[in-house]
Amino acid sequence: MKKYKFKMTGLDCAACASHLEDKLQKIDGVEDVSISFMTEKFSFSCQEDRKEEILKIIKKVIHKEEPDVEIEEV
């Protein structure tokens, strides 16, 4: 497992962050999802060889749940 970190912008509130965190935690292969509304940070862990596949799914879920949210790897 490798941890990936992102900057997350456009999130409206802490409750939205919690809701989104719950949705992302349910994605197959994703572990240790963490979204901090205050610091605008997002991280997750997954197998290195599945990163691109999982990241596409994560972006799709984020866009569906919170269309104004953007993530950028740091």
# chains A, B, ... in the order shown; residues from 1 in each chain; ligands from 1
call {"tool": "residues_around", "arguments": {"residues": "Phe37 (chain A)", "least_positions_apart": "6", "cutoff": "9 Å", "atoms": "only C-alpha atoms", "output": "number ranges by chain"}}
result
A: 8, 11-18
call {"tool": "residues_around", "arguments": {"residues": "region 61-64 of chain A", "least_positions_apart": "2", "cutoff": "12 Å", "atoms": "only C-alpha atoms", "output": "number ranges by chain"}}
result
A: 8-11, 16-17, 19-27, 35, 42, 54-59, 66-71
call {"tool": "closest_residue", "arguments": {"among": "A:Val74, A:Lys7, A:Ser36, A:Lys2", "to": "Arg50 (chain A)", "atoms": "only C-alpha atoms"}}
result
A:Lys2
call {"tool": "select_by_dssp", "arguments": {"residues": "chain A", "states": "strand (DSSP E)", "output": "VMD selection string"}}
result
chain A and resid 2 to 9 31 to 36 41 to 46 70 to 73
call {"tool": "closest_residue", "arguments": {"among": "A:Lys3, A:Lys60, A:Glu65, A:Glu72", "to": "Phe44 (chain A)", "atoms": "only C-alpha atoms"}}
result
A:Lys3
call {"tool": "atom_distance", "arguments": {"atom1": "CA of Ser43 (chain A)", "atom2": "CA of Tyr4 (chain A)"}}
result
5.5 Å
call {"tool": "select_by_dssp", "arguments": {"residues": "region 11-55 of chain A", "states": "helix (DSSP H, G or I)", "output": "number ranges by chain"}}
result
A: 14-25, 48-55
call {"tool": "write_last_selection", "arguments": {"atoms": "all heavy atoms", "output": "compact mmCIF listing (two decimals), in the first residue's frame"}}
result
# COMPACT_ATOMS: atom_id res chain seq x y z
N ALA A 14 -17.64 21.01 6.22
CA ALA A 14 -17.09 19.81 6.87
C ALA A 14 -18.02 18.61 6.70
O ALA A 14 -17.57 17.48 6.56
CB ALA A 14 -16.83 20.09 8.35
N ALA A 15 -19.32 18.86 6.70
CA ALA A 15 -20.28 17.76 6.52
C ALA A 15 -20.13 17.17 5.11
O ALA A 15 -20.23 15.95 4.93
CB ALA A 15 -21.70 18.26 6.75
N CYS A 16 -19.89 18.03 4.13
CA CYS A 16 -19.67 17.56 2.75
C CYS A 16 -18.41 16.70 2.69
O CYS A 16 -18.37 15.68 2.01
CB CYS A 16 -19.52 18.74 1.80
SG CYS A 16 -20.98 19.78 1.67
N ALA A 17 -17.37 17.12 3.40
CA ALA A 17 -16.12 16.36 3.45
C ALA A 17 -16.36 14.97 4.04
O ALA A 17 -15.87 13.97 3.51
CB ALA A 17 -15.07 17.11 4.25
N SER A 18 -17.13 14.92 5.12
CA SER A 18 -17.42 13.65 5.77
C SER A 18 -18.23 12.73 4.85
O SER A 18 -17.95 11.53 4.74
CB SER A 18 -18.19 13.91 7.06
OG SER A 18 -18.52 12.70 7.69
N HIS A 19 -19.22 13.29 4.18
CA HIS A 19 -20.05 12.52 3.25
C HIS A 19 -19.19 11.96 2.11
O HIS A 19 -19.30 10.79 1.76
CB HIS A 19 -21.16 13.42 2.70
CG HIS A 19 -21.96 12.80 1.60
ND1 HIS A 19 -22.92 11.84 1.82
CD2 HIS A 19 -21.92 12.98 0.25
CE1 HIS A 19 -23.44 11.47 0.66
NE2 HIS A 19 -22.85 12.14 -0.30
N LEU A 20 -18.34 12.81 1.55
CA LEU A 20 -17.47 12.39 0.46
C LEU A 20 -16.48 11.32 0.91
O LEU A 20 -16.24 10.35 0.21
CB LEU A 20 -16.73 13.62 -0.08
CG LEU A 20 -16.12 13.52 -1.46
CD1 LEU A 20 -17.11 13.02 -2.49
CD2 LEU A 20 -15.56 14.87 -1.87
N GLU A 21 -15.95 11.49 2.11
CA GLU A 21 -15.02 10.51 2.67
C GLU A 21 -15.69 9.14 2.76
O GLU A 21 -15.09 8.12 2.41
CB GLU A 21 -14.58 10.99 4.06
CG GLU A 21 -13.36 10.34 4.60
CD GLU A 21 -12.92 10.98 5.89
OE1 GLU A 21 -13.50 10.64 6.95
OE2 GLU A 21 -12.01 11.83 5.85
N ASP A 22 -16.94 9.11 3.23
CA ASP A 22 -17.68 7.85 3.33
C ASP A 22 -17.86 7.20 1.96
O ASP A 22 -17.70 5.98 1.82
CB ASP A 22 -19.06 8.08 3.96
CG ASP A 22 -18.99 8.41 5.44
OD1 ASP A 22 -17.95 8.16 6.07
OD2 ASP A 22 -20.00 8.95 5.95
N LYS A 23 -18.19 7.99 0.94
CA LYS A 23 -18.37 7.46 -0.41
C LYS A 23 -17.07 6.88 -0.96
O LYS A 23 -17.06 5.81 -1.56
CB LYS A 23 -18.87 8.56 -1.36
CG LYS A 23 -20.26 9.01 -1.10
CD LYS A 23 -21.24 8.04 -1.70
CE LYS A 23 -22.65 8.59 -1.61
NZ LYS A 23 -23.62 7.67 -2.15
N LEU A 24 -15.96 7.60 -0.76
CA LEU A 24 -14.67 7.15 -1.31
C LEU A 24 -14.15 5.91 -0.60
O LEU A 24 -13.48 5.08 -1.21
CB LEU A 24 -13.65 8.29 -1.23
CG LEU A 24 -13.99 9.54 -2.05
CD1 LEU A 24 -12.93 10.61 -1.85
CD2 LEU A 24 -14.17 9.21 -3.52
N GLN A 25 -14.46 5.77 0.68
CA GLN A 25 -14.02 4.62 1.46
C GLN A 25 -14.62 3.32 0.90
O GLN A 25 -14.03 2.25 1.04
CB GLN A 25 -14.41 4.79 2.93
CG GLN A 25 -13.78 3.77 3.85
CD GLN A 25 -12.27 3.92 3.97
OE1 GLN A 25 -11.76 5.00 4.15
NE2 GLN A 25 -11.57 2.82 3.88
N GLU A 48 0.07 0.31 -5.41
CA GLU A 48 0.69 1.18 -6.41
C GLU A 48 0.24 0.88 -7.83
O GLU A 48 0.01 1.79 -8.63
CB GLU A 48 2.22 1.08 -6.34
CG GLU A 48 2.83 2.16 -5.50
CD GLU A 48 4.34 2.09 -5.53
OE1 GLU A 48 4.92 1.38 -4.70
OE2 GLU A 48 4.91 2.77 -6.42
N ASP A 49 0.11 -0.39 -8.16
CA ASP A 49 -0.24 -0.76 -9.53
C ASP A 49 -1.70 -0.47 -9.89
O ASP A 49 -2.10 -0.56 -11.05
CB ASP A 49 0.08 -2.23 -9.81
CG ASP A 49 -0.69 -3.19 -8.92
OD1 ASP A 49 -1.20 -2.78 -7.87
OD2 ASP A 49 -0.77 -4.38 -9.30
N ARG A 50 -2.51 -0.07 -8.90
CA ARG A 50 -3.92 0.26 -9.16
C ARG A 50 -4.20 1.75 -9.02
O ARG A 50 -5.35 2.18 -9.16
CB ARG A 50 -4.81 -0.51 -8.18
CG ARG A 50 -4.81 -2.01 -8.43
CD ARG A 50 -5.94 -2.72 -7.76
NE ARG A 50 -7.23 -2.25 -8.27
CZ ARG A 50 -8.36 -2.34 -7.56
NH1 ARG A 50 -8.36 -2.87 -6.37
NH2 ARG A 50 -9.49 -1.89 -8.08
N LYS A 51 -3.17 2.55 -8.78
CA LYS A 51 -3.37 3.98 -8.51
C LYS A 51 -4.18 4.68 -9.60
O LYS A 51 -5.17 5.37 -9.31
CB LYS A 51 -2.04 4.70 -8.33
CG LYS A 51 -2.23 6.19 -8.11
CD LYS A 51 -0.94 6.97 -8.26
CE LYS A 51 -1.24 8.45 -8.14
NZ LYS A 51 -0.21 9.27 -8.67
N GLU A 52 -3.77 4.56 -10.86
CA GLU A 52 -4.43 5.28 -11.95
C GLU A 52 -5.88 4.85 -12.10
O GLU A 52 -6.77 5.69 -12.28
CB GLU A 52 -3.66 5.10 -13.26
CG GLU A 52 -2.29 5.75 -13.26
CD GLU A 52 -2.31 7.23 -12.88
OE1 GLU A 52 -3.19 7.97 -13.38
OE2 GLU A 52 -1.46 7.65 -12.09
N GLU A 53 -6.12 3.56 -12.02
CA GLU A 53 -7.48 3.02 -12.12
C GLU A 53 -8.37 3.58 -10.99
O GLU A 53 -9.48 4.06 -11.23
CB GLU A 53 -7.42 1.49 -12.04
CG GLU A 53 -8.73 0.81 -11.82
CD GLU A 53 -8.57 -0.64 -11.35
OE1 GLU A 53 -7.44 -1.17 -11.33
OE2 GLU A 53 -9.60 -1.23 -11.01
N ILE A 54 -7.86 3.52 -9.78
CA ILE A 54 -8.61 3.99 -8.62
C ILE A 54 -8.79 5.51 -8.65
O ILE A 54 -9.86 6.02 -8.32
CB ILE A 54 -7.94 3.51 -7.31
CG1 ILE A 54 -8.15 1.99 -7.18
CG2 ILE A 54 -8.48 4.25 -6.11
CD1 ILE A 54 -7.42 1.34 -6.04
N LEU A 55 -7.77 6.22 -9.06
CA LEU A 55 -7.86 7.68 -9.13
C LEU A 55 -8.95 8.12 -10.11
O LEU A 55 -9.68 9.08 -9.83
CB LEU A 55 -6.51 8.28 -9.51
CG LEU A 55 -6.36 9.78 -9.33
CD1 LEU A 55 -6.76 10.23 -7.93
CD2 LEU A 55 -4.93 10.20 -9.63
